[in-house]
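Enquirer: One structure coming up, written as structure tokens, with questions to follow.
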Amino acid sequence: MALSNGTSTTALIPQSGTASIQHRASLPNPFDLTDDQILDIVYLAHLNDDEICDTDNLYNLVSNIALRSQSLISASSLKPEFVTLKLISCQMISTRAAAHCVHQTTMWILQHLKCYSWDAKALIAIAALSLEYGSFVHLSQFQTNDVLVNSLRQLNQVQSRNVSAVAELVSYTVTVFQQIKEWARYAADGYDPEDVPDLTEAFQAILVVVYWTIAATVSSTGNLVGVSSYKLSEYRFRLSAAVEKLTTHLGNCSVQIGNVRDYVIIRNIYDRPKDIVDFLKALIYPQQKGPENPKIFQGSNLVTKGIEVFRLKHVLLFISGLDSVEDEISLLNSMYDRLQEDPKEAKGFKKEDFKILWIPIVEEWNEGSREHFKALKSGIKFYAVEYFNELPGLKIIKDRERLNFEIQPIAPLLSPRGAIMNENALEVIFEWGIEAFPFRKIDGEELTLKWKWLWDLILKATPGLQVKENRYIFIYGGSNSAWIQNFTHELSRIKMNESIQRADIIIEYYQLGKGKSEPNNSVPSFWIGVERKKQNKKHQEAVDCEIQKIVKCLFCLKRDPQGWAILSKGHNIKHLCHGQAVYQTVAEFQNWKGKVFEREGFDIAFKEYYDAKEKEISAIQPCEDYTSTSSVIATITCPNPTCGRVMEVSSVNYKCCHRDDALNC
């Protein structure tokens with residue numbers, strides 16, 4: 001017999017003689033089969049789901065019989081038709097009293113129903129059993145004087161048949177069908193296996209459940225009509241074991257499908273948020289409140305207003321793991337401090353309207369990761385989310401078409417309306433610091449334009465100079481050779497200082513024009529390049545105006561009788577410095593080295609001390625006014641060594657137009 005070829009009913013009628021004995025010997029005992037073996041043979045007996053089965057109506061009929069339900073029955077024609085149900089019922093009744101014969105009939109039914117869905121296969125088998133079981137129940141329930149009913153009761157020998165075990169198993173199989181139906185509903189919704197992985201596992205369990213459901217109906221039918229006396233508890237045991245696995249997978253499916261539905265809601269909010277609070281809630285807060293809800297901290301202090309603290313604010317959303325984020329946290333702590341300083345407004349944006357929020361990403365929280373997070377949290381000045389479960393918006397955060405977080409930390413910049421202003425503001429912050437405020441891409445591009453021309457001149461004039469983003473660079477020059485020698489010496493000392501080494505700060509220094517063994521005219525060429533930039537009068541845009549300020553300041557530095565220096569971190573030029581003040585600042589590093597750690601940056605601590613030195617020098621050597629009685633207007637320079645400019649003529653008075661800020665001498 002070849003079941004895969006569609007065996008007929010007559011082909012399953014046992015044969016006599018040696019052939020029959022050999023045939024029976026080749027049939028397996030179903031209780032000797034593993035779930036994996038059953039899965040393989042059952043799957044091969046399925047072709048497609050093309051045949052129609054009115055499962056809802058058929059289930060109502062079956063439950064009315066087996067469970068005494070009172071479901072309403074549709075008057076429409078039933079699919080499958082009576083002949084299909086009766087044919088299966090007859091095959092069950094004709095099955096001989098042996099476990100391997102139950103397997104044979106079960107496979108015949110599966111082959112006969114090969115074009116029905118998996119839930120339909122199980123339900124049709126239960127319905128076929130219900131034909132016999134329903135008649136028995138009907139005849140045994142009613143006491144009447146009706147001759148026909150009494151005759152049928154006697155003919156079916158209802159009073160002498162004990163079918164309590166059959167009744168229990170029939171009721172159980174009908175209950176099991178609810179699990180099968182739940183799987184069918186999930187499968188029909190077409191979820192992506194990556195989103196609902198347990199749906200695949202549930203399908204494998206379904207094949208085993210369907211097999212044992214049909215096997216249970218075959219054995220129950222045999223016991224019901226009296227042609228066999230199977231231990232129905234054995235069939236129920238194997239069926240319940242398969243159902244237990246299915247139930248576990250369905251429970252997981254329910255959770256996973258809930259996550260998929262939540263994701264759709266979150267994705268819609270992400271794509272069209274009402275405001276920044278709506279956006280953040282979608283990423284952080286679960287759709288259904290649980291025993292543990294996210295909390296917002298500022299450092300170690302709980303924020304009682306929660307997510308509402310970000311309403312009407314720009315948010316720098318720092319997203320990272322817990323490992324190797326000390327540099328990013330230090331940088332953002334520094335940005336937090338810079339946002340509190342003057343000027344309070346730039347480019348139409350108020351610094352007070354910018355907040356920093358950290359969302360830590362951890363695959364699985366445990367005691368170790370919790371303690372690690374709390375330790376990091378205690379050292380930050382900005383806001384942080386504390387939620388020791390999987391974030392509802394994790395899929396959005398990792399979505400390549402959305403926030404695109406992988407391993408490296410990112411910091412998208414969000415507007416008060418929840419719109420993304422910069423996919424990763426960390427890039428411009430690392431390169432330019434607070435100068436890049438309000439941290440849009442265009443702000444970084446403008447800073448690049450602002451300084452690129454100067455770097456082109458510096459690199460051309462100083463062969464061998466290498467610019468690396470994580471290193472501080474001093475570039476210096478001047479006509480005073482003694483100052484150059486002394487300043488170079490102090491730079492070498494500060495570079496090798498133990499505090500600098502311990503802080504992993506790398507300092508390089510280059511004298512402008514040095515780098516070639518033979519004499520060259522690179523320094524004059526540099527200043528000619530600066531002069532040409534000054535002669536460019538086309539500076540209608542804001543960045544062009546900034547460039548003119550830089551040009552003006554550079555010429556002011558050039559006139560300094562001692563020398564000048566530029567401090568840069570990577571390509572980000574931090575300070576343009578006069579000779580005496582910058583020399584004293586570097587020489588007196590021991591006085592301010594503690595500020596390097598306290599102010600979270602060498603350049604910040606440097607500027608504080610340098611500015612103080614400049615004020616101190618200016619106070620000792622202020623610009624003076626000269627009054628002349630001569631009719632000849634003389635040329636007189638400012639006596640302040642940090643200035644050295646030719647003083648302007650005001651009537652018959654001479655005075656220096658001193659600089660007001662770092663870029664305006």
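Ordering of the structure tokens sets the chain letters (A, B, ...), residue numbers begin anew at 1 in every chain, and ligands are numbered from 1 in the order given.
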Hey, what does DSSP flag as strand (DSSP E or B) within range 472-528 of chain A? Can you give it to me as a ChimeraX atom specification?
Expert: /A:472-477,507-511
Enquirer: Would you output that residue set with C-alpha atoms, as a PDB file, in the first residue's frame?
Expert:
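Result file is out25.pdb:
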ATOM      1  CA  TYR A 472      45.399  68.752  20.741  1.00  0.00           C
ATOM      2  CA  ILE A 473      47.714  70.733  18.466  1.00  0.00           C
ATOM      3  CA  PHE A 474      49.646  73.923  19.184  1.00  0.00           C
ATOM      4  CA  ILE A 475      50.719  75.827  16.067  1.00  0.00           C
ATOM      5  CA  TYR A 476      52.856  78.850  16.829  1.00  0.00           C
ATOM      6  CA  GLY A 477      55.168  81.416  15.318  1.00  0.00           C
ATOM      7  CA  ILE A 507      49.434  67.103  22.719  1.00  0.00           C
ATOM      8  CA  GLU A 508      51.405  67.832  19.552  1.00  0.00           C
ATOM      9  CA  TYR A 509      53.106  71.093  18.634  1.00  0.00           C
ATOM     10  CA  TYR A 510      54.439  72.561  15.403  1.00  0.00           C
ATOM     11  CA  GLN A 511      56.197  75.808  14.640  1.00  0.00           C
TER      12      GLN A 511
END
Enquirer: Contacts of Leu512 in chain A at 10 Å or less, counting only C-alpha atoms, minus same-chain residues fewer than 4 places along, as a PyMOL selection string?
Expert: chain A and resi 458-463+465+474-478+522-523+526+565
Enquirer: Using all heavy atoms, can you write the selected residues to a file as a tab-separated table (two decimals), in the first residue's frame?
Expert:
chain	number	residue	atom	x	y	z
A	458	ILE	N	47.91	76.47	6.66
A	458	ILE	CA	48.81	75.94	7.70
A	458	ILE	C	49.50	74.67	7.22
A	458	ILE	O	50.73	74.51	7.37
A	458	ILE	CB	48.02	75.67	8.99
A	458	ILE	CG1	47.55	76.99	9.63
A	458	ILE	CG2	48.86	74.88	9.99
A	458	ILE	CD1	46.61	76.80	10.81
A	459	LEU	N	48.75	73.75	6.63
A	459	LEU	CA	49.33	72.48	6.18
A	459	LEU	C	50.31	72.69	5.03
A	459	LEU	O	51.33	71.98	4.93
A	459	LEU	CB	48.21	71.53	5.75
A	459	LEU	CG	47.30	71.03	6.88
A	459	LEU	CD1	46.10	70.28	6.31
A	459	LEU	CD2	48.08	70.12	7.83
A	460	LYS	N	50.01	73.66	4.18
A	460	LYS	CA	50.94	73.96	3.09
A	460	LYS	C	52.23	74.56	3.62
A	460	LYS	O	53.33	74.28	3.12
A	460	LYS	CB	50.28	74.92	2.11
A	460	LYS	CG	51.10	75.18	0.86
A	460	LYS	CD	50.34	76.07	-0.10
A	460	LYS	CE	51.17	76.34	-1.36
A	460	LYS	NZ	50.44	77.22	-2.32
A	461	ALA	N	52.11	75.36	4.66
A	461	ALA	CA	53.29	76.02	5.23
A	461	ALA	C	54.08	75.12	6.17
A	461	ALA	O	55.25	75.38	6.44
A	461	ALA	CB	52.86	77.28	5.98
A	462	THR	N	53.46	74.07	6.68
A	462	THR	CA	54.10	73.22	7.69
A	462	THR	C	54.03	71.76	7.27
A	462	THR	O	53.18	70.99	7.75
A	462	THR	CB	53.42	73.41	9.07
A	462	THR	OG1	53.25	74.81	9.32
A	462	THR	CG2	54.25	72.79	10.19
A	463	PRO	N	54.88	71.32	6.36
A	463	PRO	CA	54.88	69.92	5.92
A	463	PRO	C	55.14	68.99	7.10
A	463	PRO	O	55.93	69.29	7.99
A	463	PRO	CB	56.02	69.87	4.91
A	463	PRO	CG	56.22	71.29	4.48
A	463	PRO	CD	55.88	72.13	5.66
A	465	LEU	N	52.86	68.18	9.33
A	465	LEU	CA	51.83	68.37	10.36
A	465	LEU	C	50.67	67.40	10.10
A	465	LEU	O	50.14	67.35	9.00
A	465	LEU	CB	51.34	69.81	10.35
A	465	LEU	CG	50.43	70.25	11.51
A	465	LEU	CD1	50.53	71.76	11.70
A	465	LEU	CD2	48.97	69.89	11.29
A	474	PHE	N	49.21	72.53	19.10
A	474	PHE	CA	49.65	73.92	19.18
A	474	PHE	C	50.42	74.26	17.91
A	474	PHE	O	51.37	73.56	17.55
A	474	PHE	CB	50.56	74.14	20.40
A	474	PHE	CG	49.84	74.29	21.70
A	474	PHE	CD1	49.67	73.20	22.55
A	474	PHE	CD2	49.32	75.51	22.09
A	474	PHE	CE1	49.01	73.33	23.75
A	474	PHE	CE2	48.66	75.66	23.30
A	474	PHE	CZ	48.50	74.56	24.13
A	475	ILE	N	50.00	75.30	17.22
A	475	ILE	CA	50.72	75.83	16.07
A	475	ILE	C	51.12	77.25	16.44
A	475	ILE	O	50.27	78.04	16.86
A	475	ILE	CB	49.83	75.82	14.81
A	475	ILE	CG1	49.36	74.40	14.51
A	475	ILE	CG2	50.57	76.41	13.61
A	475	ILE	CD1	48.10	74.32	13.70
A	476	TYR	N	52.40	77.56	16.31
A	476	TYR	CA	52.86	78.85	16.83
A	476	TYR	C	53.93	79.44	15.92
A	476	TYR	O	54.51	78.77	15.06
A	476	TYR	CB	53.38	78.69	18.25
A	476	TYR	CG	54.50	77.69	18.41
A	476	TYR	CD1	55.84	78.09	18.41
A	476	TYR	CD2	54.21	76.32	18.53
A	476	TYR	CE1	56.86	77.17	18.55
A	476	TYR	CE2	55.23	75.39	18.66
A	476	TYR	CZ	56.56	75.82	18.67
A	476	TYR	OH	57.57	74.91	18.80
A	477	GLY	N	54.17	80.73	16.12
A	477	GLY	CA	55.17	81.42	15.32
A	477	GLY	C	55.42	82.81	15.85
A	477	GLY	O	54.93	83.20	16.91
A	478	GLY	N	56.18	83.57	15.11
A	478	GLY	CA	56.54	84.93	15.51
A	478	GLY	C	57.97	85.23	15.14
A	478	GLY	O	58.74	84.35	14.74
A	522	SER	N	57.86	79.52	3.29
A	522	SER	CA	56.49	79.09	3.58
A	522	SER	C	55.76	80.05	4.52
A	522	SER	O	54.56	80.24	4.41
A	522	SER	CB	56.49	77.68	4.17
A	522	SER	OG	57.29	77.63	5.34
A	523	VAL	N	56.49	80.67	5.47
A	523	VAL	CA	55.83	81.58	6.41
A	523	VAL	C	55.32	82.83	5.69
A	523	VAL	O	54.15	83.21	5.86
A	523	VAL	CB	56.77	81.95	7.57
A	523	VAL	CG1	56.11	83.02	8.45
A	523	VAL	CG2	57.10	80.71	8.40
A	526	PHE	N	52.26	81.91	3.84
A	526	PHE	CA	51.11	81.76	4.72
A	526	PHE	C	50.42	83.11	4.92
A	526	PHE	O	49.20	83.24	4.77
A	526	PHE	CB	51.55	81.18	6.07
A	526	PHE	CG	50.48	81.21	7.12
A	526	PHE	CD1	49.49	80.25	7.17
A	526	PHE	CD2	50.47	82.23	8.08
A	526	PHE	CE1	48.51	80.30	8.14
A	526	PHE	CE2	49.48	82.28	9.06
A	526	PHE	CZ	48.50	81.31	9.09
A	565	ALA	N	50.10	81.93	19.07
A	565	ALA	CA	49.85	80.47	19.05
A	565	ALA	C	48.38	80.21	18.73
A	565	ALA	O	47.51	81.03	19.03
A	565	ALA	CB	50.23	79.83	20.38
Enquirer: Taking 5 positions as the minimum chain separation for residues in the same chain, which residues sit within 8 Å of Ser219 in chain A when counting only C-alpha atoms? Answer as a PyMOL selection string.
Expert: chain A and resi 92+102+228+230+232
Enquirer: Here is a test: counting only C-alpha atoms, which residue of A:Ser324, A:Leu207, A:Glu423, A:Leu403 is nearest to Leu376 in chain A?
Expert: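 The shortest atom-to-atom distance to Leu376 in chain A comes from A:Ser324.
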Enquirer: Calculate how many Å separate CA of Ile380 in chain A from CA of Gln298 in chain A, rounding to one decimal.
Expert: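 Calculated distance between CA of Ile380 in chain A and CA of Gln298 in chain A is 7.6 Å.
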